[in-house]
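To start, the structure under review is shown below, and the notes come after it.
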Amino acid sequence: MVSKSLLLLACGAALAAAQTVVWNPAANGVVPPAAGEWSEGANWTGGVAPGAGFKAVLNVNGAAECVLSNTVTIKHLVTGDNGPGGVLRLAAGANLTTTDWSGPYNRSSLIIVEPGASANFQSRLLIGQQDEPGTHDMEFRMNGGTVNVETFVRVGESFDDTNVVPHIQLNGGTLTANRLEIARGTADITGGTVLLRVDHRAEIQSFIDSGILTAYGGNGSIIMDWNSRNPGMLTITAISGDLPSPEDPLIAQPTVSGPGSEGYFTTESVQGKSVWSANNMLYFNLADGLFPIGAPVYVQVEYLDVDRGYLTVTYDSNFGETIADRFRLSEIHTRSSRVNRGGFAYSYHKFENPRFANRQNGGNDFRLQLGNNNGVPFKVASVLLSSTPFPDPDFEYVLSEPWLEPYTGPTKDFTCPKTLVGKVMTGYQGWFATPNDLGDEGWIHWGRSSSTPPSPTEITIDQWPWIDEYEPNRIYPAGEMSLQDGRPAYVFSSRDPETVQRHFRWMRKHDIDGAYLQRFVTRNNSGYYGASEFVLDNVRKAANKEGRVWAIEYDVSSMSNDPNPFEVITNDWNYLVNEVGILDDPRYLHEDGKPVLFIWGFSVPGREGLSLAEADAILDWFNTQNLYLIGGVHSSWESNTDWFNHYQKYDQLLAWMERSLVDLNSQKTRLNNWGMKILPHAWPGFSWHNLYRLEPDTQYTPRAGGDFYWDRIYNAVACGADQIFLGMFDEYDEATAIMPMSDNPPEPHSAWGKYIDNEGRDPFWYLQLSAAGKEMLNDFRPLSSNTPAVNAVPLGVHGGDDATIHLGTSNVSAGLDHIQPADGITQGAFVGGHDCRTLAVGSYFYFDIDDAFVDGADQEFAIEIEFYDDYSGTNIRLQYDGADGVYTNHPTTIIPPARGGWRNIRWRISDGLFENRQNNGSDFRIALGGGNAIPIRRVSVFIPEDRGGALSGKGPALEFHDGRLEWPVAYDATGWRLYHSTTLKPLSWEEASGITIGDSKVHYEPEFLEPAEFFRLQRPARD
């Protein structure tokens, strides 16, 4: 039996062996310079043209050229197989398939593919594979056609003989393979395209760098593109000469046209520069071949920033044949709006996939157009094009699509991301945008039109933003509006990372645990459908930097008219999870071990386009994703009995703008019976006079100095909820924002409109009430319906740097060490899902602050601890090394309510000394009384921003011109003020009066007091 098996195998191998025929046309009377036809059997040994299963060999010295012009399938094609192989030409109409490895072998030979020919190598294509004595040139040349290689193309082996030179020459056509390997030899591209199924750009670049892969014989440039030109493919092309670069860009000139025609322009001199002046359009036509088809092109436009208008740049793209394809808007752009700042500005654009086939009007390739230009001509000083991005920080940041990369910076953990219990969370719209911010989409949510600057007619907000703590370079003039004190009015953009971090810092300071990021998903504003995600990225970063938590809240209002809302929202969620990686973020909020997702709007009036069946399908899908689901519904949801089954698909329910404690109690009872929780909504008031052009006090819920807000907070706690939703944090539109507003807004329209104000309270009053509400929620403040007095609300921790230690079996320390003297010995533990420490001996937790963090006596600090609240009859006190003693007692003693879960408590001190005078060189201690069993997992010390950790940089340098001091007006808008002194003594500095503002500068004319007068810019600290 064994012998028969071996025999059968041997027979099978014999049957699989290829029949070899050799090209020898001389036997048929065909000699050079004539060429012979592949298909003529007499040109081959044995008199048979090779076909299926054959090995075709070209190795007869001096043989006439072989021409293939028909369809042939063989096993092997080997030219130069131990003898010079001459030339094999695949002519138009040829269709060659080989089922095993093929190519020019170890002697000089040439395979040429002409336009109209095709070849399919189902295995490898090998050019030069053995080291033989002598000089041998093995070449595979494409003048056109298509060649597909199922595996890889390899040029040469590691030969010792430098006379052996394998080569690929691509003059046209398309060569497709998995990989291109150049072990020994060269490749050159003068036309056509190489498509590789594997992204090995680094290896291809190494071939370019070493000079073995060239373009135009070394006089051109290789272009590589992964995925954009051909999805899932590495596209390699070439151009003659060097690619335009930011260092050596292509300088474009507009196409000349006659007066009155589209694109007509004149030339003039402005501010010492020659400019093209056009009504609103400039056309440009590029010479052929300057950029490879489909490779990205970057554009810099230098224009005069006078009056207003919005620049769009459209280009002739390679996406298709429609009008929209020929006038495709630049996919990425920055600084596209004229905002009347004077001087010249630079706008940057990316053309993702250009064709530049002269298909725009007049045979042009791209067009600049200025819309809404107020009749003021468009003046352009230069237009530059490059194959690589221009080095502008904002442009480079936008191009990077930062939301697609996980956050890798420092992460703070100041509130537990594993539970909702005991938390106050806020809704964060993040929807404000301005011209020339990172999104570059114009005015969004500040006014009625993205292209029209704010004015009393256009403005749509009823709270004016308090700007004092924003970055001066991240605020934007609100058109020509002025504040009531005459200063220019400014607003912010939620697209700027520094701005969103400022908002989250306010949350941290005032003990708001985090934010639900509102997400109005549509086919136009989701990253899945190609939109930018700056706000999402900003929120993720800010939550990490400020130690807050965050989660997504879908507002389904945006999908009311979509034919398939299920598709839109599930595509978006999959994108957020799989592409952006939101659930991998350490600050994403969880409950019951599941990521939290909030969905607001099903069954809410005005969203009738979303049926119960659609809502159920969406919730059923989300329930398969292992999520903790919160639903946001109308306050009268208990009357919607048809929706009861839908409501029970959530884990928790929020009734929007509920006012009645009786109704809250009823809702909570029903939800508890369904095995669900209630999420009460606390809101500060309501107003939309400017949005809907209403007369004052129409459709208006007054704030009553915070009484209305406190009543909502009281109801939330009184009904027995274990968490509160504060809404909203930043919605100035409907005046539900709890973040600071200004008491110095512009004048409203004379016929309608109104701005609410702080009614004599601090701009942070509603954040202070929020912090007091959290204390009441967690039983650190007595339940009371009376609004706290101004002097009885938490001021918040400081917003600057922190020194923090996370306690456990192994402590993690950053500027703060845990010391263990004899009366404070602790041990590691694991409680409530966290590492922590508990007392083993004594009554104190001792801590030592890094001396570099302490900068002198009588300093302000805030100290926060996170402890597990499950022990009754205990108390917690802070005793610190202060100006009044080594063990100064803070007046506030905390009596934990023993409700379970991790809780934060805070103390502020103004006289910290911290000279290591407590036991074993400590600076402060946490005294535990009445049981001493309380676990502590974190202790943090915060300092004011002006001593470290400020988001803003230093103030600007004062300049002296024409007898006046000057500085940028944006600094004045963000709270920087001029102070003067004649002695430089600390208490001698006074704010200067008599400043004037003009030409984007603040001016002050000194009196030059004797003997000397000193000046400085300072932003008074609120911290």
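By order in the structure tokens, chains are A, B, ...; within a chain, residues start at 1; ligands start at 1, following the order shown.
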
Quick one: residues within 10 Å of segment 590-597 of chain A, only C-alpha atoms, excluding same-chain residues fewer than 3 positions away - as a list of chain:residue names?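 That gives A:Cys416, A:Pro417, A:Lys418, A:Thr419, A:Leu420, A:Val421, A:Tyr516, A:Val549, A:Trp550, A:Ala551, A:Ile552, A:Glu553, A:Tyr554, A:Ile582, A:Leu583, A:Arg587, A:Trp600, A:Phe622, A:Gln625, A:Asn626, A:Leu627, A:Tyr628, A:Leu629, A:Ile630, A:Gly631, A:Tyr650, A:Asp651.
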
Surrounding residues of segment 818-829 of chain A excluding itself and chain neighbours under 2 positions, 12 Å, only C-alpha atoms, as an MDAnalysis selection string: chainID A and resid 803:816 831:850 868 916 918:928 932:940

As JSON, numbers by chain, please: every residue in segment 227-462 of chain A that DSSP puts in strand (DSSP E). {"A": [234, 235, 236, 237, 238, 239, 240, 250, 251, 265, 266, 267, 268, 269, 270, 273, 274, 275, 276, 277, 278, 281, 282, 283, 284, 297, 298, 299, 300, 301, 302, 303, 304, 308, 309, 310, 311, 312, 313, 314, 315, 328, 329, 332, 333, 334, 337, 338, 339, 344, 345, 346, 347, 348, 349, 350, 351, 366, 367, 368, 369, 370, 371, 378, 379, 380, 381, 382, 383, 384, 385, 386, 424, 425, 426, 427, 428]}

Could you go through segment 530-751 of chain A and tell me which residues DSSP, when run on the backbone, assigns to helix (DSSP H, G or I), listing them as a PyMOL selection string? chain A and resi 534-546+556-559+565-580+582-584+612-622+637-639+641-647+661-673+689-692+704-718

Nearest candidate to Asp511 of chain A (options A:Ala26, A:Ala478, A:Ala751, A:Leu795; using only C-alpha atoms): A:Leu795

Quick one: residues within 9 Å of Pro740 of chain A, only C-alpha atoms counted, chain neighbours fewer than 4 positions away excluded, as a PyMOL selection string? chain A and resi 464-467+730+758+762-767

Let me see the file: selected residues, N, CA and C atoms, as a short mmCIF file (atom, residue, chain, number, x, y, z; two decimals), in the first residue's frame.
```cif
data_model
loop_
_atom_site.label_atom_id
_atom_site.label_comp_id
_atom_site.auth_asym_id
_atom_site.auth_seq_id
_atom_site.Cartn_x
_atom_site.Cartn_y
_atom_site.Cartn_z
N TRP A 464 -24.72 87.60 27.82
CA TRP A 464 -23.46 87.95 27.18
C TRP A 464 -22.33 87.26 27.92
N PRO A 465 -21.41 86.64 27.21
CA PRO A 465 -20.36 85.87 27.89
C PRO A 465 -19.42 86.75 28.71
N TRP A 466 -19.03 86.22 29.84
CA TRP A 466 -18.00 86.82 30.68
C TRP A 466 -16.65 86.34 30.14
N ILE A 467 -15.83 87.24 29.63
CA ILE A 467 -14.66 86.89 28.80
C ILE A 467 -13.35 86.94 29.59
N ASP A 730 -23.55 75.98 29.12
CA ASP A 730 -23.09 77.04 28.22
C ASP A 730 -24.15 77.52 27.25
N ASN A 758 -26.48 89.36 36.20
CA ASN A 758 -26.26 88.63 37.45
C ASN A 758 -27.05 89.18 38.63
N ASP A 762 -22.17 87.73 41.97
CA ASP A 762 -20.91 87.43 41.32
C ASP A 762 -21.18 86.71 39.98
N PRO A 763 -20.34 86.94 38.96
CA PRO A 763 -20.54 86.22 37.70
C PRO A 763 -20.53 84.70 37.88
N PHE A 764 -19.89 84.20 38.93
CA PHE A 764 -19.82 82.76 39.18
C PHE A 764 -20.90 82.28 40.16
N TRP A 765 -21.89 83.10 40.39
CA TRP A 765 -22.90 82.79 41.38
C TRP A 765 -23.60 81.45 41.12
N TYR A 766 -23.92 81.19 39.86
CA TYR A 766 -24.66 79.96 39.56
C TYR A 766 -23.76 78.73 39.64
N LEU A 767 -22.48 78.89 39.44
CA LEU A 767 -21.56 77.78 39.69
C LEU A 767 -21.37 77.58 41.19
#
```
